[in-house]
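Note: the block below is run_4.cif and it holds mmCIF, C-alpha atoms.
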```
data_start
#
loop_
_atom_site.label_atom_id
_atom_site.label_comp_id
_atom_site.auth_asym_id
_atom_site.auth_seq_id
_atom_site.Cartn_x
_atom_site.Cartn_y
_atom_site.Cartn_z
CA MET A 265 -58.34 22.40 -6.56
CA GLU A 266 -57.22 25.16 -8.90
CA ASP A 267 -56.50 28.64 -7.59
CA GLU A 268 -59.07 31.15 -8.78
CA VAL A 269 -59.42 34.90 -8.53
CA VAL A 270 -62.51 37.09 -8.46
CA LEU A 271 -62.38 40.34 -10.41
CA ALA A 272 -64.95 43.09 -9.86
CA SER A 273 -65.47 46.53 -11.37
CA SER A 274 -68.01 49.31 -11.05
CA SER A 275 -69.48 52.10 -13.14
CA THR A 276 -67.96 54.52 -10.63
CA ASP A 277 -64.21 55.14 -10.71
CA ALA A 278 -63.49 52.59 -7.98
CA ALA A 279 -60.73 50.57 -9.71
CA ILE A 280 -60.86 46.81 -10.38
CA GLY A 281 -60.79 44.63 -7.29
CA CYS A 282 -58.98 41.29 -7.39
CA TRP A 283 -59.34 38.65 -4.63
CA ASP A 284 -58.32 35.06 -4.07
CA LEU A 285 -61.59 33.11 -4.18
CA ARG A 286 -60.50 30.53 -1.61
CA SER A 287 -58.70 32.65 0.99
CA GLY A 288 -60.40 35.99 0.42
CA ALA A 289 -57.03 37.81 0.29
CA GLU A 290 -56.93 40.84 -1.98
CA HIS A 291 -54.19 40.85 -4.62
CA LEU A 292 -54.26 44.25 -6.32
CA ARG A 293 -56.51 47.18 -7.16
CA TYR A 294 -56.22 48.13 -10.82
CA ARG A 295 -56.72 51.88 -10.92
CA SER A 296 -58.74 54.26 -13.05
CA CYS A 297 -61.62 52.04 -14.08
CA ALA A 298 -65.24 53.09 -14.51
CA SER A 299 -66.68 50.32 -16.65
CA PRO A 300 -70.19 49.83 -18.06
CA SER A 301 -71.96 46.50 -17.58
CA HIS A 302 -70.22 43.68 -19.49
CA GLY A 303 -67.28 46.00 -20.13
CA LEU A 304 -64.59 43.98 -18.29
CA VAL A 305 -62.77 41.00 -19.85
CA SER A 306 -59.72 38.86 -19.17
CA VAL A 307 -57.99 38.41 -22.54
CA ALA A 308 -57.14 34.69 -22.44
CA GLY A 309 -55.75 35.21 -18.93
CA ARG A 310 -52.88 37.34 -20.29
CA PHE A 311 -54.11 40.81 -19.33
CA LEU A 312 -57.21 42.79 -18.37
CA ALA A 313 -59.22 44.99 -20.73
CA SER A 314 -62.12 47.29 -19.90
CA SER A 315 -64.24 49.78 -21.77
CA GLN A 316 -64.76 53.17 -20.14
CA LEU A 317 -67.73 55.51 -20.51
CA ARG A 318 -66.99 59.11 -19.59
CA ASP A 319 -70.06 60.50 -21.38
CA SER A 320 -72.45 59.39 -24.11
CA SER A 321 -70.20 60.48 -26.98
CA SER A 322 -66.68 59.52 -25.91
CA GLY A 323 -64.97 56.61 -24.25
CA SER A 324 -61.87 54.47 -24.20
CA VAL A 325 -60.62 50.90 -23.82
CA LEU A 326 -57.89 50.35 -21.24
CA PHE A 327 -55.39 47.49 -20.73
CA TRP A 328 -53.73 46.44 -17.45
CA SER A 329 -51.02 43.82 -16.92
CA TRP A 330 -51.55 41.59 -13.89
CA ASN A 331 -48.68 42.83 -11.76
CA LYS A 332 -49.13 46.60 -12.14
CA PRO A 333 -52.02 48.64 -10.75
CA GLN A 334 -51.82 51.45 -13.29
CA VAL A 335 -53.23 51.51 -16.83
CA GLU A 336 -50.56 50.61 -19.40
CA VAL A 337 -52.34 50.90 -22.75
CA LYS A 338 -55.11 53.34 -23.70
CA SER A 339 -57.24 53.07 -26.84
CA PHE A 340 -59.74 55.60 -28.15
CA PRO A 341 -62.24 53.98 -30.53
CA ALA A 342 -64.41 55.95 -32.95
CA GLU A 343 -67.25 55.99 -30.40
CA ALA A 344 -67.98 55.03 -26.82
CA ILE A 345 -67.93 51.25 -26.31
CA ASN A 346 -70.32 49.47 -23.94
CA PRO A 347 -69.69 45.69 -23.78
CA LEU A 348 -66.46 43.90 -24.60
CA ALA A 349 -65.90 40.24 -25.42
CA CYS A 350 -62.89 38.22 -26.53
CA ASN A 351 -62.50 34.73 -27.92
CA SER A 352 -60.97 32.03 -25.74
CA GLU A 353 -57.56 32.22 -27.46
CA GLY A 354 -57.40 35.97 -26.93
CA THR A 355 -56.80 36.72 -30.62
CA TYR A 356 -59.78 39.05 -31.06
CA ILE A 357 -61.60 41.66 -29.00
CA VAL A 358 -65.13 42.66 -29.95
CA GLY A 359 -66.79 45.86 -28.75
CA GLY A 360 -70.38 47.09 -28.93
CA GLY A 361 -70.88 50.79 -29.59
CA VAL A 362 -73.53 53.18 -28.31
CA SER A 363 -74.62 53.69 -31.93
CA GLY A 364 -75.42 50.00 -32.39
CA ASP A 365 -72.24 49.31 -34.36
CA ILE A 366 -70.04 46.31 -33.52
CA TYR A 367 -66.24 46.43 -33.84
CA LEU A 368 -63.83 43.49 -34.15
CA TRP A 369 -60.11 44.07 -33.46
CA GLU A 370 -57.09 41.82 -33.76
CA VAL A 371 -55.39 41.86 -30.34
CA ALA A 372 -51.78 41.31 -31.42
CA THR A 373 -51.72 44.25 -33.85
CA GLY A 374 -54.62 46.41 -32.67
CA ARG A 375 -56.02 46.39 -36.22
CA LEU A 376 -59.72 47.05 -36.66
CA LEU A 377 -60.62 44.10 -38.88
CA LYS A 378 -64.36 44.70 -39.21
CA LYS A 379 -67.09 47.13 -38.26
CA TRP A 380 -70.76 46.54 -38.97
CA HIS A 381 -74.11 47.95 -37.92
CA GLY A 382 -75.56 45.39 -35.54
CA HIS A 383 -78.52 47.08 -33.86
CA TYR A 384 -80.73 50.15 -34.07
CA ARG A 385 -79.76 51.27 -30.59
CA ALA A 386 -76.77 50.87 -28.24
CA VAL A 387 -75.28 47.39 -27.87
CA THR A 388 -75.54 46.14 -24.26
CA CYS A 389 -74.24 42.54 -24.35
CA LEU A 390 -71.73 40.49 -26.34
CA VAL A 391 -70.79 36.84 -25.86
CA PHE A 392 -69.05 34.17 -27.96
CA SER A 393 -70.47 30.68 -28.33
CA MET A 394 -68.39 27.96 -26.66
CA ASP A 395 -66.89 26.85 -29.98
CA GLN A 396 -66.06 30.49 -30.85
CA SER A 397 -67.89 30.28 -34.20
CA LEU A 398 -70.78 32.55 -33.25
CA LEU A 399 -71.11 35.96 -31.64
CA ILE A 400 -74.35 36.78 -29.82
CA SER A 401 -75.29 40.40 -29.16
CA GLY A 402 -78.09 42.15 -27.29
CA ALA A 403 -79.11 45.79 -27.40
CA GLU A 404 -81.29 48.55 -26.03
CA ASP A 405 -83.70 47.97 -28.92
CA GLY A 406 -84.69 44.67 -27.26
CA SER A 407 -83.23 42.46 -29.99
CA VAL A 408 -80.84 39.53 -29.67
CA ARG A 409 -78.84 38.73 -32.78
CA VAL A 410 -76.62 35.77 -33.66
CA TRP A 411 -73.66 36.43 -35.95
CA SER A 412 -71.60 33.84 -37.79
CA LEU A 413 -67.99 35.03 -37.92
CA LEU A 414 -67.57 33.40 -41.33
CA MET A 415 -70.57 35.32 -42.64
CA ILE A 416 -69.09 38.57 -41.31
CA PHE A 417 -66.00 38.12 -43.49
CA ASP A 418 -67.57 36.31 -46.46
CA GLU A 419 -69.15 38.77 -48.92
CA GLU A 420 -70.49 35.97 -51.11
CA ARG A 421 -72.47 34.52 -48.22
CA GLN A 422 -73.72 37.97 -47.30
CA GLN A 423 -75.07 38.52 -50.79
CA ARG A 424 -76.82 35.16 -50.79
CA SER A 425 -78.34 35.75 -47.37
CA GLY A 426 -79.30 39.41 -47.75
CA HIS A 427 -78.23 40.22 -44.17
CA LEU A 428 -75.27 39.66 -41.88
CA TYR A 429 -76.94 37.92 -38.93
CA GLU A 430 -77.96 34.28 -38.74
CA TYR A 431 -80.88 34.94 -36.38
CA SER A 432 -82.59 38.03 -35.05
CA PHE A 433 -84.76 37.47 -31.97
CA THR A 434 -87.10 40.40 -31.32
CA GLU A 435 -89.44 39.08 -28.62
CA HIS A 436 -88.08 41.25 -25.79
CA ALA A 437 -90.09 44.45 -25.32
CA LEU A 438 -87.37 46.44 -23.50
CA PRO A 439 -83.53 46.60 -23.48
CA VAL A 440 -81.57 43.35 -23.16
CA THR A 441 -79.53 43.30 -19.94
CA ASP A 442 -77.57 40.02 -20.14
CA ILE A 443 -76.93 36.97 -22.34
CA VAL A 444 -75.35 33.62 -21.47
CA THR A 445 -74.69 30.64 -23.72
CA GLY A 446 -74.57 26.95 -22.90
CA TYR A 447 -72.40 24.12 -24.19
CA GLY A 448 -72.73 22.71 -27.67
CA GLY A 449 -71.53 25.53 -29.90
CA SER A 450 -74.02 26.10 -32.72
CA ASN A 451 -76.44 23.63 -31.10
CA ALA A 452 -76.40 25.25 -27.67
CA ILE A 453 -79.10 27.18 -25.88
CA ILE A 454 -78.80 30.83 -24.93
CA VAL A 455 -80.60 32.67 -22.16
CA SER A 456 -81.33 36.38 -22.53
CA ALA A 457 -82.56 38.75 -19.80
CA SER A 458 -84.35 42.05 -20.26
CA GLN A 459 -85.80 45.02 -18.46
CA ASP A 460 -89.21 43.63 -19.46
CA ARG A 461 -88.86 41.25 -16.45
CA THR A 462 -88.47 38.16 -18.62
CA CYS A 463 -85.72 35.69 -19.38
CA LYS A 464 -86.04 33.85 -22.66
CA VAL A 465 -84.38 30.56 -23.59
CA TRP A 466 -83.47 30.17 -27.27
CA SER A 467 -82.27 27.28 -29.42
CA LEU A 468 -79.29 28.13 -31.62
CA ALA A 469 -79.87 24.98 -33.67
CA ARG A 470 -83.43 25.91 -34.65
CA GLY A 471 -83.47 29.65 -34.10
CA THR A 472 -86.61 29.38 -31.98
CA LEU A 473 -87.85 30.41 -28.55
CA LEU A 474 -87.92 27.44 -26.21
CA ARG A 475 -89.14 29.05 -22.98
CA ASN A 476 -90.28 32.41 -21.64
CA ILE A 477 -90.05 32.98 -17.88
CA VAL A 478 -91.61 36.03 -16.22
CA PHE A 479 -89.98 37.25 -12.99
CA PRO A 480 -91.30 39.47 -10.17
CA SER A 481 -88.44 41.93 -10.78
CA VAL A 482 -86.28 43.30 -13.57
CA ILE A 483 -83.38 40.90 -14.21
CA ASP A 484 -79.95 42.45 -14.83
CA ALA A 485 -77.69 39.38 -14.58
CA VAL A 486 -77.89 35.69 -15.51
CA ALA A 487 -75.63 32.71 -14.78
CA LEU A 488 -76.19 29.27 -16.29
CA ASP A 489 -75.66 26.21 -14.10
CA PRO A 490 -72.86 24.13 -15.73
CA GLY A 491 -75.19 21.13 -15.81
CA GLU A 492 -77.79 23.28 -17.61
CA HIS A 493 -80.60 22.13 -15.34
CA VAL A 494 -81.26 25.60 -13.95
CA PHE A 495 -80.12 29.17 -14.36
CA TYR A 496 -79.75 31.94 -11.79
CA ALA A 497 -81.27 35.37 -12.44
CA GLY A 498 -80.23 38.41 -10.40
CA GLY A 499 -83.09 40.81 -9.77
CA ARG A 500 -83.26 44.47 -8.88
CA ASP A 501 -85.22 43.45 -5.76
CA GLY A 502 -82.03 41.90 -4.31
CA LYS A 503 -83.04 38.28 -4.94
CA ILE A 504 -81.26 35.70 -7.06
CA TYR A 505 -84.01 33.60 -8.62
CA ILE A 506 -83.49 29.95 -9.54
CA ALA A 507 -85.33 28.95 -12.73
CA GLU A 508 -85.62 25.47 -14.21
CA LEU A 509 -84.75 24.82 -17.82
CA ASN A 510 -86.31 21.37 -18.15
CA SER A 511 -89.39 21.42 -15.93
CA LEU A 512 -92.87 20.73 -17.31
CA GLY A 513 -94.46 23.90 -15.99
CA LYS A 514 -94.66 23.20 -12.26
CA SER A 515 -93.57 25.59 -9.52
CA ASN A 516 -93.75 25.18 -5.77
CA ASN A 517 -93.80 28.83 -4.73
CA ASN A 518 -95.39 32.16 -5.45
CA TYR A 519 -92.61 33.52 -7.67
CA GLY A 520 -93.99 32.23 -10.96
CA LEU A 521 -93.92 29.43 -13.50
CA HIS A 522 -90.57 27.55 -13.71
CA ILE A 523 -89.09 29.52 -10.75
CA ILE A 524 -88.19 27.01 -8.05
CA GLY A 525 -86.50 29.15 -5.40
CA THR A 526 -84.27 32.09 -4.52
CA LEU A 527 -81.00 33.06 -2.90
CA SER A 528 -81.52 36.17 -0.82
CA ASP A 529 -79.93 38.09 2.03
CA GLN A 530 -81.96 41.31 1.63
CA SER A 531 -79.11 43.07 -0.21
CA LYS A 532 -79.71 45.71 -2.84
CA ALA A 533 -80.13 45.02 -6.56
CA ILE A 534 -78.04 42.22 -8.07
CA CYS A 535 -75.94 43.67 -10.90
CA SER A 536 -73.67 40.80 -11.98
CA LEU A 537 -73.30 37.02 -11.61
CA ALA A 538 -70.58 34.48 -12.43
CA PHE A 539 -69.89 30.84 -11.53
CA ALA A 540 -66.61 29.64 -10.09
CA LEU A 541 -64.83 26.92 -12.03
CA ASP A 542 -66.22 24.20 -9.74
CA GLY A 543 -69.75 25.06 -10.87
CA LEU A 544 -70.95 25.18 -7.25
CA GLN A 545 -69.93 28.64 -6.03
CA LEU A 546 -71.93 31.54 -7.46
CA VAL A 547 -70.37 35.00 -7.19
CA ALA A 548 -72.76 37.96 -7.14
CA GLY A 549 -72.03 41.67 -7.38
CA SER A 550 -74.66 44.03 -6.02
CA GLU A 551 -75.61 47.69 -5.99
CA ASP A 552 -74.37 48.13 -2.42
CA GLY A 553 -70.73 47.62 -3.52
CA PHE A 554 -70.33 44.12 -2.03
CA VAL A 555 -69.37 40.88 -3.75
CA ARG A 556 -70.96 37.77 -2.19
CA VAL A 557 -69.99 34.16 -2.82
CA TRP A 558 -72.90 31.71 -2.53
CA ASP A 559 -72.81 27.95 -2.08
CA THR A 560 -75.54 26.84 -4.49
CA LYS A 561 -75.99 23.53 -2.65
CA THR A 562 -76.59 24.93 0.84
CA HIS A 563 -77.89 28.35 -0.31
CA ASN A 564 -75.53 30.01 2.17
CA ILE A 565 -73.10 32.90 1.73
CA ILE A 566 -69.57 31.59 2.31
CA ARG A 567 -67.53 34.75 1.63
CA VAL A 568 -68.02 38.50 1.21
CA PHE A 569 -65.70 41.01 -0.48
CA LYS A 570 -66.05 44.77 -0.11
CA HIS A 571 -65.45 46.51 -3.41
CA ALA A 572 -66.71 50.12 -3.46
CA LYS A 573 -69.67 52.36 -2.87
CA GLY A 574 -70.93 52.06 -6.43
CA PRO A 575 -72.71 49.12 -8.05
CA VAL A 576 -70.57 46.08 -8.88
CA ASN A 577 -71.68 45.69 -12.48
CA ASN A 578 -68.93 43.30 -13.65
CA ILE A 579 -67.77 40.01 -12.10
CA LEU A 580 -65.18 37.63 -13.56
CA VAL A 581 -63.95 34.37 -12.02
CA ILE A 582 -60.80 33.03 -13.71
CA ARG A 583 -57.80 30.81 -13.01
CA GLN A 584 -55.18 32.73 -11.09
CA PRO A 585 -52.64 34.23 -13.53
CA PRO A 586 -49.00 33.26 -12.85
CA ALA A 587 -48.07 36.91 -12.27
CA LEU A 588 -50.25 36.96 -9.13
CA TYR A 589 -48.56 34.04 -7.38
CA PRO A 590 -46.30 34.98 -4.42
CA ARG A 591 -42.65 35.53 -5.25
CA THR A 592 -40.81 33.79 -2.44
CA SER A 593 -37.26 34.05 -3.74
CA ALA A 594 -34.98 36.01 -6.02
CA ASN A 595 -34.97 33.10 -8.48
CA ASN A 596 -38.76 33.09 -8.62
CA GLN A 597 -38.76 36.84 -9.18
CA GLY A 598 -36.40 36.47 -12.12
CA LEU A 599 -38.49 33.65 -13.55
CA MET A 600 -41.69 35.68 -13.25
CA ALA A 601 -40.02 38.70 -14.84
CA ARG A 602 -39.10 36.57 -17.86
CA LYS A 603 -42.66 35.27 -18.08
CA GLN A 604 -44.28 38.70 -18.04
CA VAL A 605 -46.40 39.31 -21.11
CA SER A 606 -45.86 42.56 -22.98
CA LEU A 607 -49.15 44.21 -23.70
CA PRO A 608 -50.36 44.66 -27.29
CA PRO A 609 -50.62 48.07 -28.99
CA PRO A 610 -53.74 50.27 -28.71
CA LEU A 611 -56.83 49.36 -30.71
CA GLU A 612 -57.19 51.24 -33.97
CA LYS A 613 -59.83 53.94 -34.27
CA PHE A 614 -60.50 53.24 -37.94
CA THR A 615 -59.83 50.29 -40.17
CA SER A 616 -56.50 50.41 -41.97
CA ILE A 617 -56.91 47.25 -44.02
CA ASP A 618 -56.86 47.68 -47.77
CA GLU A 619 -59.70 45.77 -49.39
CA HIS A 620 -57.20 44.21 -51.84
CA SER A 621 -54.75 43.13 -49.15
CA ASP A 622 -54.26 39.49 -48.20
CA LEU A 623 -56.13 39.28 -44.90
CA SER A 624 -55.76 35.99 -43.02
CA ILE A 625 -58.51 35.50 -40.44
CA TYR A 626 -58.91 32.46 -38.18
CA ILE A 627 -62.57 31.41 -38.40
CA PRO A 628 -63.88 28.46 -36.37
CA PRO A 629 -66.11 25.87 -38.07
CA GLN A 630 -69.56 27.09 -39.00
CA PRO A 631 -72.82 25.16 -38.71
CA ASP A 632 -75.27 24.54 -41.53
CA TYR A 633 -78.33 26.46 -40.34
CA GLN A 634 -80.53 25.04 -43.04
CA ARG A 635 -80.27 21.62 -41.39
CA PRO A 636 -80.64 21.99 -37.62
CA CYS A 637 -78.94 19.31 -35.59
CA ASP A 638 -80.97 17.61 -32.86
CA ALA A 639 -77.88 16.32 -31.06
CA THR A 640 -76.06 18.45 -28.54
CA TYR A 641 -72.81 18.09 -30.48
CA ALA A 642 -72.12 17.47 -34.15
CA THR A 643 -71.39 13.85 -34.99
CA VAL A 644 -68.16 12.61 -36.54
CA ASP A 645 -70.01 11.86 -39.80
CA THR A 646 -71.35 15.42 -39.91
CA MET A 647 -67.91 16.91 -39.36
CA ASN A 648 -66.42 14.69 -42.08
CA LYS A 649 -69.11 15.88 -44.51
CA GLN A 650 -68.35 19.50 -43.60
CA ILE A 651 -64.64 18.94 -44.26
CA ASN A 652 -65.36 17.41 -47.69
CA GLU A 653 -67.69 20.27 -48.61
CA LEU A 654 -65.11 22.86 -47.62
CA GLN A 655 -62.37 21.14 -49.63
CA GLN A 656 -64.59 21.32 -52.72
CA ARG A 657 -65.14 25.09 -52.35
CA GLY A 658 -61.59 26.12 -53.17
CA SER A 659 -58.59 27.34 -51.25
CA CYS A 660 -59.67 30.66 -49.75
CA GLY A 661 -58.03 31.51 -46.41
CA ALA A 662 -61.15 31.24 -44.24
CA SER A 663 -62.07 27.81 -45.62
CA GLU A 664 -58.55 26.51 -45.06
CA MET A 665 -58.70 27.56 -41.43
CA GLU A 666 -62.10 25.90 -41.12
CA ILE A 667 -60.71 22.66 -42.47
CA GLU A 668 -57.86 22.61 -39.97
CA ARG A 669 -60.20 23.29 -37.06
CA LEU A 670 -62.70 20.67 -38.19
CA LYS A 671 -59.94 18.08 -38.51
CA ALA A 672 -58.88 18.82 -34.95
CA ASP A 673 -62.50 18.56 -33.76
CA ASN A 674 -62.85 15.29 -35.65
CA LYS A 675 -59.75 13.89 -33.92
CA ARG A 676 -61.03 14.94 -30.49
CA ALA A 677 -64.42 13.39 -31.22
CA MET A 678 -62.79 10.09 -32.20
CA GLN A 679 -60.77 10.12 -28.98
CA MET A 680 -63.95 10.74 -27.00
CA ILE A 681 -65.67 7.82 -28.77
CA GLN A 682 -62.80 5.54 -27.77
CA GLN A 683 -63.14 6.70 -24.17
CA TRP A 684 -66.88 6.00 -24.25
CA LYS A 685 -66.28 2.55 -25.73
CA LYS A 686 -63.82 1.75 -22.95
CA MET A 687 -66.26 3.01 -20.31
CA TYR A 688 -69.03 0.88 -21.87
CA GLU A 689 -66.81 -2.21 -21.87
CA ASN A 690 -65.87 -1.67 -18.22
CA LEU A 691 -69.51 -1.12 -17.29
CA HIS A 692 -70.54 -4.21 -19.23
CA GLN A 693 -67.92 -6.35 -17.48
CA PHE A 694 -68.99 -5.00 -14.10
CA CYS A 695 -72.69 -5.71 -14.76
CA VAL A 696 -72.01 -9.23 -16.07
CA GLY A 697 -69.76 -9.96 -13.11
CA ASP A 698 -72.35 -8.66 -10.69
CA LEU A 699 -75.08 -10.71 -12.37
CA LEU A 700 -73.05 -13.92 -12.26
CA SER A 701 -72.15 -13.26 -8.64
CA GLY A 702 -75.81 -12.78 -7.82
CA GLU A 703 -76.77 -16.05 -9.55
CA GLY A 704 -74.06 -17.85 -7.61
CA ASP A 705 -75.39 -16.53 -4.31
CA THR A 706 -78.91 -17.64 -5.26
CA SER A 707 -77.82 -21.19 -6.13
CA THR A 708 -76.15 -21.65 -2.78
CA VAL A 709 -79.26 -20.74 -0.80
#
```

Rewrite the structure from the file as structure tokens, please.
Amino acid sequence: MEDEVVLASSSTDAAIGCWDLRSGAEHLRYRSCASPSHGLVSVAGRFLASSQLRDSSSGSVLFWSWNKPQVEVKSFPAEAINPLACNSEGTYIVGGGVSGDIYLWEVATGRLLKKWHGHYRAVTCLVFSMDQSLLISGAEDGSVRVWSLLMIFDEERQQRSGHLYEYSFTEHALPVTDIVTGYGGSNAIIVSASQDRTCKVWSLARGTLLRNIVFPSVIDAVALDPGEHVFYAGGRDGKIYIAELNSLGKSNNNYGLHIIGTLSDQSKAICSLAFALDGLQLVAGSEDGFVRVWDTKTHNIIRVFKHAKGPVNNILVIRQPPALYPRTSANNQGLMARKQVSLPPPLEKFTSIDEHSDLSIYIPPQPDYQRPCDATYATVDTMNKQINELQQRGSCGASEMEIERLKADNKRAMQMIQQWKKMYENLHQFCVGDLLSGEGDTSTV
């Protein structure tokens, strides 16, 4: 079992708490943090970043290294930033402004690569798709928008499309409070929560609403079961509701259609939710300043962490960074010192990129939205067609990066097919052997 840590922050200046998920031991308190909801991220496990809201017109983004409690890098963007998100490699940080603008920075240099107007009101949520090709945002205007990173940097595509976003979902009547995405990249589902007491399930492949679930309470936090059979919705009434994604409209309680149960210990409002890596332990931050770890099989609380008096509006569960492991000897201390990661420079306030400069941006493969894919993942044939199409476009930097990524995806898909073939052959041999054994037993009777 891998070592994991739980990170929690609050909108009050109560620092960032860090605990060992298994033992409950506290590692460090990272000072001077008053983060908005969705404002805390682990940048590829290398360091911590958090947006800070001091008032409605000013704010900052702070960086901490794992082994020091004090802030090491301070950035002051052009406006106050609400949510933060970073891609899995930690190459980019994206921030959502109170004006509705979205900012994309390069982590290594701090350069502001792109700024665009995403929403009419403040951005509240940002999340990358699992394949890193899409960015999904939610806002106080009730809209959920899906952005293709290639479209963001490709002016020709923008002109053809007439707008930057791939989809704009406007069915929520009140501000969006949380967004989670499932597996499958551009063919995944996303679940959005809102102050209108609904959670909506969307198809990224078709750009359509798949399911609308009405809850007894406002939902501020959502966590998707790794198997994508259910999702957990944290309500302001202190309950964590369990909603089915694949049911046919049945419910066995009084909570509402598709809601099959709750986790509840009569605590105050649930502000944040996150799954542990095993997919069984659900970590919940609440308004009373406590962090509770639930066993989703038994519906019991198995651990409680005390964070602060204020609401715990951010929860992260990540693999334990090497810098947090105990240093039992002088040799280990020297080794850890050599492995310490120097933090990147502050994020730029304004873009400094000349429009004629040679800008190299890593863009993951992009789906063809005109031809929705019914399968959960793109097939090998589809990826090969995409590679051929890209090679015919020319040699622009973004397309070259797409080609390399698609080739890697193609190779992984072929390896997976070989594994499936081997599993099928083993299963076939087992079934045939079992059948012949059964016939032999019958003949001897």

| request: For Val555 of chain A, please output as a PyMOL selection string all residues within 8 Å (counting all atoms listed in the file; exclusion window: fewer than 3 positions along the same chain). | output: chain A and resi 272+547-550+568-571+576

Residue neighbourhood segment 347-351 of chain A, 8 Å, all atoms listed in the file, exclusion window fewer than 6 positions, as a compact mmCIF listing (two decimals) with C-alpha atoms, keeping the file's coordinate frame:
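Contents of the output file around-v8.txt:
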```txt
# COMPACT_ATOMS: atom_id res chain seq x y z
CA PRO A 300 -70.19 49.83 -18.06
CA SER A 301 -71.96 46.50 -17.58
CA HIS A 302 -70.22 43.68 -19.49
CA GLY A 303 -67.28 46.00 -20.13
CA LEU A 304 -64.59 43.98 -18.29
CA VAL A 305 -62.77 41.00 -19.85
CA VAL A 307 -57.99 38.41 -22.54
CA ALA A 308 -57.14 34.69 -22.44
CA SER A 314 -62.12 47.29 -19.90
CA SER A 315 -64.24 49.78 -21.77
CA ILE A 357 -61.60 41.66 -29.00
CA VAL A 358 -65.13 42.66 -29.95
CA GLY A 359 -66.79 45.86 -28.75
CA GLY A 360 -70.38 47.09 -28.93
CA GLY A 361 -70.88 50.79 -29.59
CA VAL A 387 -75.28 47.39 -27.87
CA THR A 388 -75.54 46.14 -24.26
CA CYS A 389 -74.24 42.54 -24.35
CA LEU A 390 -71.73 40.49 -26.34
CA VAL A 391 -70.79 36.84 -25.86
CA PHE A 392 -69.05 34.17 -27.96
CA GLN A 396 -66.06 30.49 -30.85
```

| said: Rounded to one decimal, what separation in Å do you get between atom CA of Val410 of chain A and atom CA of Ser393 of chain A? | reply: 9.6 Å

| query | Can you tell me how far atom CA of Gly354 of chain A sits from atom CA of Ser324 of chain A, in Å to one decimal? | reply | 19.2 Å

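Atom pair atom CA of Ser273 of chain A / atom CA of Phe340 of chain A: separated by 19.9 Å.
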
| Nearest to Ile534 of chain A by atom-to-atom distance, counting all atoms listed in the file, from A:Ser397, A:Asn577, A:Gln334, A:Ser511 | A:Asn577
